[in-house]
$ cat my_file.pdb   # PDB, C-alpha atoms
ATOM      1  CA  MET R 160     109.384  17.064 106.875
ATOM      2  CA  ASN R 161     106.228  19.082 107.556
ATOM      3  CA  LYS R 162     106.600  22.167 109.712
ATOM      4  CA  LYS R 163     104.446  22.052 112.836
ATOM      5  CA  LYS R 164     101.597  24.569 112.856
ATOM      6  CA  PRO R 165     101.549  27.098 115.750
ATOM      7  CA  LEU R 166      98.273  25.766 117.203
ATOM      8  CA  GLU R 167      98.533  22.170 116.071
ATOM      9  CA  GLY R 168      96.372  19.951 118.241
ATOM     10  CA  LYS R 169      95.211  22.779 120.506
ATOM     11  CA  ARG R 170      91.553  22.394 121.412
ATOM     12  CA  ILE R 171      89.717  25.699 121.463
ATOM     13  CA  GLY R 172      86.121  26.398 122.370
ATOM     14  CA  LEU R 173      84.907  29.263 120.184
ATOM     15  CA  ALA R 174      82.016  30.877 122.037
ATOM     16  CA  LEU R 175      79.761  33.370 120.281
ATOM     17  CA  CYS R 176      77.473  35.905 121.904
ATOM     18  CA  GLY R 177      74.889  38.174 120.300
ATOM     19  CA  SER R 178      77.026  40.894 118.739
ATOM     20  CA  PHE R 179      75.816  39.823 115.313
ATOM     21  CA  CYS R 180      77.615  42.576 113.401
ATOM     22  CA  THR R 181      80.935  40.887 114.260
ATOM     23  CA  PHE R 182      79.990  37.372 113.129
ATOM     24  CA  SER R 183      81.653  37.826 109.736
ATOM     25  CA  GLU R 184      84.916  38.681 111.530
ATOM     26  CA  ALA R 185      84.443  35.722 113.854
ATOM     27  CA  LYS R 186      84.119  33.407 110.852
ATOM     28  CA  LYS R 187      87.384  34.729 109.393
ATOM     29  CA  THR R 188      89.012  34.184 112.785
ATOM     30  CA  ALA R 189      87.727  30.608 112.926
ATOM     31  CA  LEU R 190      89.224  29.920 109.498
ATOM     32  CA  THR R 191      92.576  31.388 110.534
ATOM     33  CA  LEU R 192      92.726  29.376 113.743
ATOM     34  CA  THR R 193      91.911  26.129 111.950
ATOM     35  CA  GLU R 194      94.619  26.907 109.390
ATOM     36  CA  MET R 195      97.016  27.308 112.331
ATOM     37  CA  GLY R 196      96.136  23.784 113.414
ATOM     38  CA  ALA R 197      93.558  24.439 116.143
ATOM     39  CA  ILE R 198      90.638  22.080 116.725
ATOM     40  CA  LEU R 199      87.593  24.324 117.196
ATOM     41  CA  THR R 200      84.242  23.621 118.795
ATOM     42  CA  PRO R 201      81.657  26.404 118.357
ATOM     43  CA  ILE R 202      79.492  27.365 121.337
ATOM     44  CA  PHE R 203      76.447  29.600 120.901
ATOM     45  CA  SER R 204      74.763  31.683 123.568
ATOM     46  CA  PHE R 205      70.981  31.403 123.586
ATOM     47  CA  ASN R 206      70.657  34.718 121.725
ATOM     48  CA  ALA R 207      73.400  33.936 119.205
ATOM     49  CA  GLY R 208      71.857  30.556 118.502
ATOM     50  CA  THR R 209      68.217  31.614 118.112
ATOM     51  CA  LEU R 210      67.851  35.224 116.964
ATOM     52  CA  ASN R 211      67.478  36.115 113.296
ATOM     53  CA  THR R 212      68.792  39.595 112.509
ATOM     54  CA  ARG R 213      69.726  41.815 109.570
ATOM     55  CA  PHE R 214      73.149  40.158 109.766
ATOM     56  CA  GLY R 215      71.713  36.722 108.990
ATOM     57  CA  ASN R 216      69.625  33.982 110.532
ATOM     58  CA  ALA R 217      70.703  31.799 113.413
ATOM     59  CA  LYS R 218      70.446  28.484 111.567
ATOM     60  CA  SER R 219      72.728  29.695 108.772
ATOM     61  CA  HIS R 220      75.288  31.037 111.244
ATOM     62  CA  MET R 221      75.415  27.741 113.087
ATOM     63  CA  GLU R 222      75.738  25.771 109.855
ATOM     64  CA  GLU R 223      78.607  27.999 108.667
ATOM     65  CA  PHE R 224      80.529  27.688 111.931
ATOM     66  CA  GLU R 225      79.976  23.930 111.977
ATOM     67  CA  LEU R 226      81.379  23.733 108.441
ATOM     68  CA  ILE R 227      84.445  25.841 109.323
ATOM     69  CA  CYS R 228      85.120  24.150 112.654
ATOM     70  CA  LYS R 229      84.179  20.633 111.526
ATOM     71  CA  ASN R 230      82.407  20.173 114.848
ATOM     72  CA  ALA R 231      78.734  20.528 115.756
ATOM     73  CA  PRO R 232      78.006  23.571 117.927
ATOM     74  CA  PHE R 233      77.123  23.395 121.597
ATOM     75  CA  THR R 234      73.841  25.243 122.147
ATOM     76  CA  THR R 235      72.710  24.198 125.628
ATOM     77  CA  ILE R 236      73.925  24.471 129.209
ATOM     78  CA  GLU R 237      73.805  20.691 129.464
ATOM     79  CA  GLU R 238      76.329  20.391 126.625
ATOM     80  CA  THR R 239      78.775  22.900 128.105
ATOM     81  CA  GLU R 240      78.671  21.807 131.761
ATOM     82  CA  PRO R 241      81.142  18.921 131.092
ATOM     83  CA  VAL R 242      83.702  21.290 129.505
ATOM     84  CA  GLY R 243      85.685  21.410 132.754
ATOM     85  CA  PRO R 244      85.160  17.896 134.118
ATOM     86  CA  LYS R 245      86.183  16.393 130.767
ATOM     87  CA  ALA R 246      88.951  18.987 130.184
ATOM     88  CA  MET R 247      87.605  19.544 126.683
ATOM     89  CA  PHE R 248      89.558  22.684 125.774
ATOM     90  CA  ASP R 249      93.030  24.124 126.161
ATOM     91  CA  LEU R 250      91.527  27.594 125.764
ATOM     92  CA  LEU R 251      88.068  29.125 125.616
ATOM     93  CA  LEU R 252      87.761  32.054 123.201
ATOM     94  CA  ILE R 253      84.661  34.239 123.543
ATOM     95  CA  ALA R 254      84.474  36.167 120.272
ATOM     96  CA  PRO R 255      82.364  38.210 120.220
ATOM     97  CA  CYS R 256      81.733  38.814 123.917
ATOM     98  CA  THR R 257      78.859  41.204 124.600
ATOM     99  CA  GLY R 258      78.473  43.561 127.550
ATOM    100  CA  ASN R 259      75.749  41.257 128.853
ATOM    101  CA  THR R 260      78.114  38.286 128.961
ATOM    102  CA  LEU R 261      80.930  40.427 130.418
ATOM    103  CA  ALA R 262      78.628  41.350 133.294
ATOM    104  CA  LYS R 263      77.664  37.740 133.928
ATOM    105  CA  LEU R 264      81.273  36.560 133.879
ATOM    106  CA  ALA R 265      82.274  39.323 136.294
ATOM    107  CA  VAL R 266      79.740  38.255 138.936
ATOM    108  CA  GLY R 267      79.652  34.510 138.311
ATOM    109  CA  ILE R 268      76.251  34.118 136.638
ATOM    110  CA  THR R 269      76.046  30.904 134.599
ATOM    111  CA  ASP R 270      72.719  30.948 132.789
ATOM    112  CA  THR R 271      73.806  30.524 129.163
ATOM    113  CA  PRO R 272      75.899  27.927 127.314
ATOM    114  CA  VAL R 273      78.739  30.469 127.039
ATOM    115  CA  THR R 274      78.881  31.452 130.704
ATOM    116  CA  MET R 275      78.568  27.822 131.776
ATOM    117  CA  ALA R 276      81.432  26.893 129.440
ATOM    118  CA  ALA R 277      83.579  29.639 131.001
ATOM    119  CA  LYS R 278      82.766  28.624 134.583
ATOM    120  CA  SER R 279      83.394  24.962 133.834
ATOM    121  CA  HIS R 280      86.596  25.687 131.895
ATOM    122  CA  VAL R 281      88.326  27.884 134.506
ATOM    123  CA  ARG R 282      87.944  25.251 137.217
ATOM    124  CA  ASN R 283      90.963  23.647 135.527
ATOM    125  CA  ASN R 284      93.004  26.898 135.659
ATOM    126  CA  ARG R 285      92.830  27.181 131.891
ATOM    127  CA  PRO R 286      92.649  30.470 129.974
ATOM    128  CA  VAL R 287      89.566  32.326 128.809
ATOM    129  CA  LEU R 288      90.252  34.888 126.078
ATOM    130  CA  ILE R 289      87.691  37.650 125.569
ATOM    131  CA  ALA R 290      87.175  39.569 122.325
ATOM    132  CA  LEU R 291      84.726  42.201 123.459
ATOM    133  CA  ALA R 292      82.172  44.004 121.329
ATOM    134  CA  THR R 293      79.931  46.302 123.318
ATOM    135  CA  ASN R 294      78.464  49.779 122.995
ATOM    136  CA  ASP R 295      78.883  50.486 126.713
ATOM    137  CA  ALA R 296      82.508  49.427 127.244
ATOM    138  CA  LEU R 297      83.388  52.878 128.572
ATOM    139  CA  SER R 298      80.265  53.232 130.706
ATOM    140  CA  ALA R 299      78.237  50.418 132.319
ATOM    141  CA  SER R 300      80.608  47.646 131.181
ATOM    142  CA  ALA R 301      83.814  49.416 132.219
ATOM    143  CA  LYS R 302      83.695  48.039 135.771
ATOM    144  CA  ASN R 303      83.177  44.516 134.443
ATOM    145  CA  ILE R 304      86.174  44.803 132.129
ATOM    146  CA  GLY R 305      88.224  45.990 135.101
ATOM    147  CA  THR R 306      86.968  43.131 137.251
ATOM    148  CA  LEU R 307      87.846  40.490 134.657
ATOM    149  CA  LEU R 308      91.294  42.002 134.079
ATOM    150  CA  ASN R 309      91.930  41.279 137.757
ATOM    151  CA  TYR R 310      90.671  37.703 137.586
ATOM    152  CA  ARG R 311      93.120  34.871 137.151
ATOM    153  CA  ASN R 312      92.835  33.024 133.815
ATOM    154  CA  PHE R 313      90.934  35.816 132.009
ATOM    155  CA  TYR R 314      92.634  37.640 129.137
ATOM    156  CA  PHE R 315      91.521  40.227 126.584
ATOM    157  CA  VAL R 316      92.070  40.610 122.870
ATOM    158  CA  PRO R 317      93.303  44.226 122.394
ATOM    159  CA  PHE R 318      90.461  46.657 121.840
ATOM    160  CA  SER R 319      89.731  50.273 120.942
ATOM    161  CA  GLN R 320      86.850  52.661 120.406
ATOM    162  CA  ASP R 321      85.187  51.741 117.134
ATOM    163  CA  ASP R 322      83.298  55.004 116.473
ATOM    164  CA  PHE R 323      84.178  57.667 119.048
ATOM    165  CA  ASP R 324      82.108  60.315 117.260
ATOM    166  CA  LYS R 325      78.763  58.516 117.026
ATOM    167  CA  LYS R 326      79.283  55.907 119.786
ATOM    168  CA  PRO R 327      81.711  57.462 122.271
ATOM    169  CA  ARG R 328      81.440  54.631 124.837
ATOM    170  CA  SER R 329      81.631  51.750 122.375
ATOM    171  CA  CYS R 330      84.675  49.456 122.056
ATOM    172  CA  ILE R 331      85.501  46.433 119.971
ATOM    173  CA  SER R 332      88.435  44.059 119.980
ATOM    174  CA  ASP R 333      90.689  43.822 116.946
ATOM    175  CA  PHE R 334      89.771  40.388 115.611
ATOM    176  CA  ASP R 335      92.947  40.348 113.503
ATOM    177  CA  LYS R 336      94.929  40.149 116.745
ATOM    178  CA  ILE R 337      93.107  37.081 118.046
ATOM    179  CA  PRO R 338      95.689  34.533 116.799
ATOM    180  CA  GLU R 339      98.542  36.303 118.615
ATOM    181  CA  ALA R 340      96.365  36.810 121.695
ATOM    182  CA  VAL R 341      95.498  33.090 121.677
ATOM    183  CA  LEU R 342      99.175  32.132 121.627
ATOM    184  CA  SER R 343      99.872  34.506 124.533
ATOM    185  CA  ALA R 344      96.908  33.327 126.605
ATOM    186  CA  LEU R 345      97.996  29.707 126.167
ATOM    187  CA  GLU R 346     101.199  30.787 127.916
ATOM    188  CA  ASN R 347      99.152  32.565 130.613
ATOM    189  CA  LYS R 348     100.198  35.979 129.352
ATOM    190  CA  GLN R 349      98.110  39.011 128.454
ATOM    191  CA  TYR R 350      98.836  40.116 124.886
ATOM    192  CA  GLN R 351      99.935  43.762 124.852
ATOM    193  CA  PRO R 352      98.993  46.496 124.434
ATOM    194  CA  ILE R 353      95.468  45.847 125.664
ATOM    195  CA  ILE R 354      94.141  49.223 124.554
ATOM    196  CA  LEU R 355      94.848  50.255 120.985
ATOM    197  CA  SER R 356      95.174  53.818 119.777
TER     198      SER R 356
END
$ encode --input "my_file.pdb" --output "structure tokens"
Amino acid sequence: MNKKKPLEGKRIGLALCGSFCTFSEAKKTALTLTEMGAILTPIFSFNAGTLNTRFGNAKSHMEEFELICKNAPFTTIEETEPVGPKAMFDLLLIAPCTGNTLAKLAVGITDTPVTMAAKSHVRNNRPVLIALATNDALSASAKNIGTLLNYRNFYFVPFSQDDFDKKPRSCISDFDKIPEAVLSALENKQYQPIILS
């Protein structure tokens, strides 16, 4: 008899924003989640889906995530608007989540595929899990992190300063902790500790 996988049958939207330096970690995370039985659908913000950077070109990123997830990515607001009405996902994971997207989520702006997916998803009281990656987490984005921590249905992957000497206000989530944080968020619990030493 086959042992049931921890995330077997769970439908997860994997939303990616433009912190391109973390895309390699996001790909490893996608592989891990699929191995745990999750059914992943990639969602790209406009920047993540169109900008070519020193970390790779947008077309290649989308092709790689489609291959890992075995689902075509959502790249438009029109594609993500039905996320809530059709109850497409059990959980929405935003990994990486930039400071720009944090700010939009905190004040209810829905002008990208990722923010529309989040707005549409939470209408069903379902969890949004944020893996942040931003250089201003301890400055301009700090208030937005605090706001989202107080919002129902929003959870964070534990994070820490990634280079306190050269980037003293920068924080990044520990992508290795995403699987455990996903399991917690599916039970409407914040994985602890939120801030890592």
$ resolve_selection --input "my_file.pdb" --expression "the PyMOL selection byres ((chain R and resi 343-346) around 12)" --output "PyMOL selection string"
chain R and resi 165-166+169-171+248-252+284-289+311-317+336-342+347-351
$ resolve_selection --input "my_file.pdb" --expression "the PyMOL selection byres ((chain R and resi 297) around 8)" --output "PyMOL selection string"
chain R and resi 295-296+298-301+327-330
$ atom_distance --input "my_file.pdb" --atom1 "CA of Lys263 in chain R" --atom2 "CA of Cys180 in chain R"
21.1 Å
$ atom_distance --input "my_file.pdb" --atom1 "CA of Asn303 in chain R" --atom2 "CA of Ala290 in chain R"
13.7 Å
$ resolve_selection --input "my_file.pdb" --expression "the PyMOL selection byres ((chain R and resi 239) around 8)" --output "PDB file with C-alpha atoms, in the coordinates of the input"
ATOM      1  CA  PHE R 233      77.123  23.395 121.597  1.00  0.00           C
ATOM      2  CA  THR R 235      72.710  24.198 125.628  1.00  0.00           C
ATOM      3  CA  ILE R 236      73.925  24.471 129.209  1.00  0.00           C
ATOM      4  CA  GLU R 237      73.805  20.691 129.464  1.00  0.00           C
ATOM      5  CA  GLU R 238      76.329  20.391 126.625  1.00  0.00           C
ATOM      6  CA  GLU R 240      78.671  21.807 131.761  1.00  0.00           C
ATOM      7  CA  PRO R 241      81.142  18.921 131.092  1.00  0.00           C
ATOM      8  CA  VAL R 242      83.702  21.290 129.505  1.00  0.00           C
ATOM      9  CA  PRO R 272      75.899  27.927 127.314  1.00  0.00           C
ATOM     10  CA  VAL R 273      78.739  30.469 127.039  1.00  0.00           C
ATOM     11  CA  MET R 275      78.568  27.822 131.776  1.00  0.00           C
ATOM     12  CA  ALA R 276      81.432  26.893 129.440  1.00  0.00           C
ATOM     13  CA  SER R 279      83.394  24.962 133.834  1.00  0.00           C
TER      14      SER R 279
END
$ atom_distance --input "my_file.pdb" --atom1 "CA of Leu307 in chain R" --atom2 "CA of Thr181 in chain R"
21.5 Å
$ residues_around --input "my_file.pdb" --residues "Phe205 in chain R" --least-positions-apart "3" --cutoff "10 Å" --atoms "all atoms listed in the file" --output "MDAnalysis selection string"
chainID R and resid 175:177 202 208:210 234:236 270:273
$ closest_residue --input "my_file.pdb" --among "R:Ser219, R:Asp322, R:Ser332, R:Lys164" --to "Glu194 in chain R" --atoms "only C-alpha atoms"
R:Lys164
$ closest_residue --input "my_file.pdb" --among "R:Thr200, R:Thr212, R:Thr260, R:Ser356" --to "Met247 in chain R" --atoms "all atoms listed in the file"
R:Thr200
$ residues_around --input "my_file.pdb" --residues "Leu226 in chain R" --least-positions-apart "2" --cutoff "12 Å" --atoms "all atoms listed in the file" --output "NGL selection string"
:R and (186 or 189-190 or 193 or 199-201 or 219-224 or 228-232)
$ closest_residue --input "my_file.pdb" --among "R:Gly196, R:Ala174, R:Asp335, R:Phe179" --to "Asn211 in chain R" --atoms "all atoms listed in the file"
R:Phe179
$ build_atoms --input "my_file.pdb" --residues "range 163-183 of chain R" --atoms "N, CA and C atoms" --output "CSV table (one decimal), in the frame of the given file"
chain,number,residue,atom,x,y,z
R,163,LYS,N,105.6,22.1,111.9
R,163,LYS,CA,104.4,22.1,112.8
R,163,LYS,C,103.7,23.4,112.8
R,164,LYS,N,102.4,23.4,112.8
R,164,LYS,CA,101.6,24.6,112.9
R,164,LYS,C,101.6,25.1,114.3
R,165,PRO,N,101.5,26.5,114.4
R,165,PRO,CA,101.5,27.1,115.8
R,165,PRO,C,100.5,26.6,116.8
R,166,LEU,N,99.3,26.2,116.3
R,166,LEU,CA,98.3,25.8,117.2
R,166,LEU,C,97.9,24.3,117.0
R,167,GLU,N,98.8,23.6,116.4
R,167,GLU,CA,98.5,22.2,116.1
R,167,GLU,C,98.1,21.4,117.3
R,168,GLY,N,96.9,20.8,117.2
R,168,GLY,CA,96.4,20.0,118.2
R,168,GLY,C,95.7,20.7,119.4
R,169,LYS,N,95.8,22.0,119.4
R,169,LYS,CA,95.2,22.8,120.5
R,169,LYS,C,93.7,22.8,120.3
R,170,ARG,N,93.0,22.5,121.4
R,170,ARG,CA,91.6,22.4,121.4
R,170,ARG,C,91.0,23.7,121.9
R,171,ILE,N,90.2,24.4,121.1
R,171,ILE,CA,89.7,25.7,121.5
R,171,ILE,C,88.2,25.7,121.4
R,172,GLY,N,87.6,26.1,122.4
R,172,GLY,CA,86.1,26.4,122.4
R,172,GLY,C,85.9,27.8,121.9
R,173,LEU,N,85.2,28.0,120.8
R,173,LEU,CA,84.9,29.3,120.2
R,173,LEU,C,83.5,29.7,120.5
R,174,ALA,N,83.3,30.5,121.5
R,174,ALA,CA,82.0,30.9,122.0
R,174,ALA,C,81.6,32.2,121.4
R,175,LEU,N,80.3,32.2,121.0
R,175,LEU,CA,79.8,33.4,120.3
R,175,LEU,C,78.6,33.9,121.0
R,176,CYS,N,78.6,35.2,121.3
R,176,CYS,CA,77.5,35.9,121.9
R,176,CYS,C,76.8,36.8,120.9
R,177,GLY,N,75.7,37.5,121.3
R,177,GLY,CA,74.9,38.2,120.3
R,177,GLY,C,75.3,39.5,119.8
R,178,SER,N,76.6,39.7,119.5
R,178,SER,CA,77.0,40.9,118.7
R,178,SER,C,77.1,40.5,117.3
R,179,PHE,N,75.9,40.4,116.6
R,179,PHE,CA,75.8,39.8,115.3
R,179,PHE,C,76.6,40.5,114.2
R,180,CYS,N,76.9,41.8,114.4
R,180,CYS,CA,77.6,42.6,113.4
R,180,CYS,C,79.1,42.1,113.3
R,181,THR,N,79.5,41.4,114.3
R,181,THR,CA,80.9,40.9,114.3
R,181,THR,C,81.1,39.4,113.8
R,182,PHE,N,79.9,38.8,113.5
R,182,PHE,CA,80.0,37.4,113.1
R,182,PHE,C,80.8,37.1,111.9
R,183,SER,N,80.8,38.0,110.9
R,183,SER,CA,81.7,37.8,109.7
R,183,SER,C,83.1,37.8,110.1
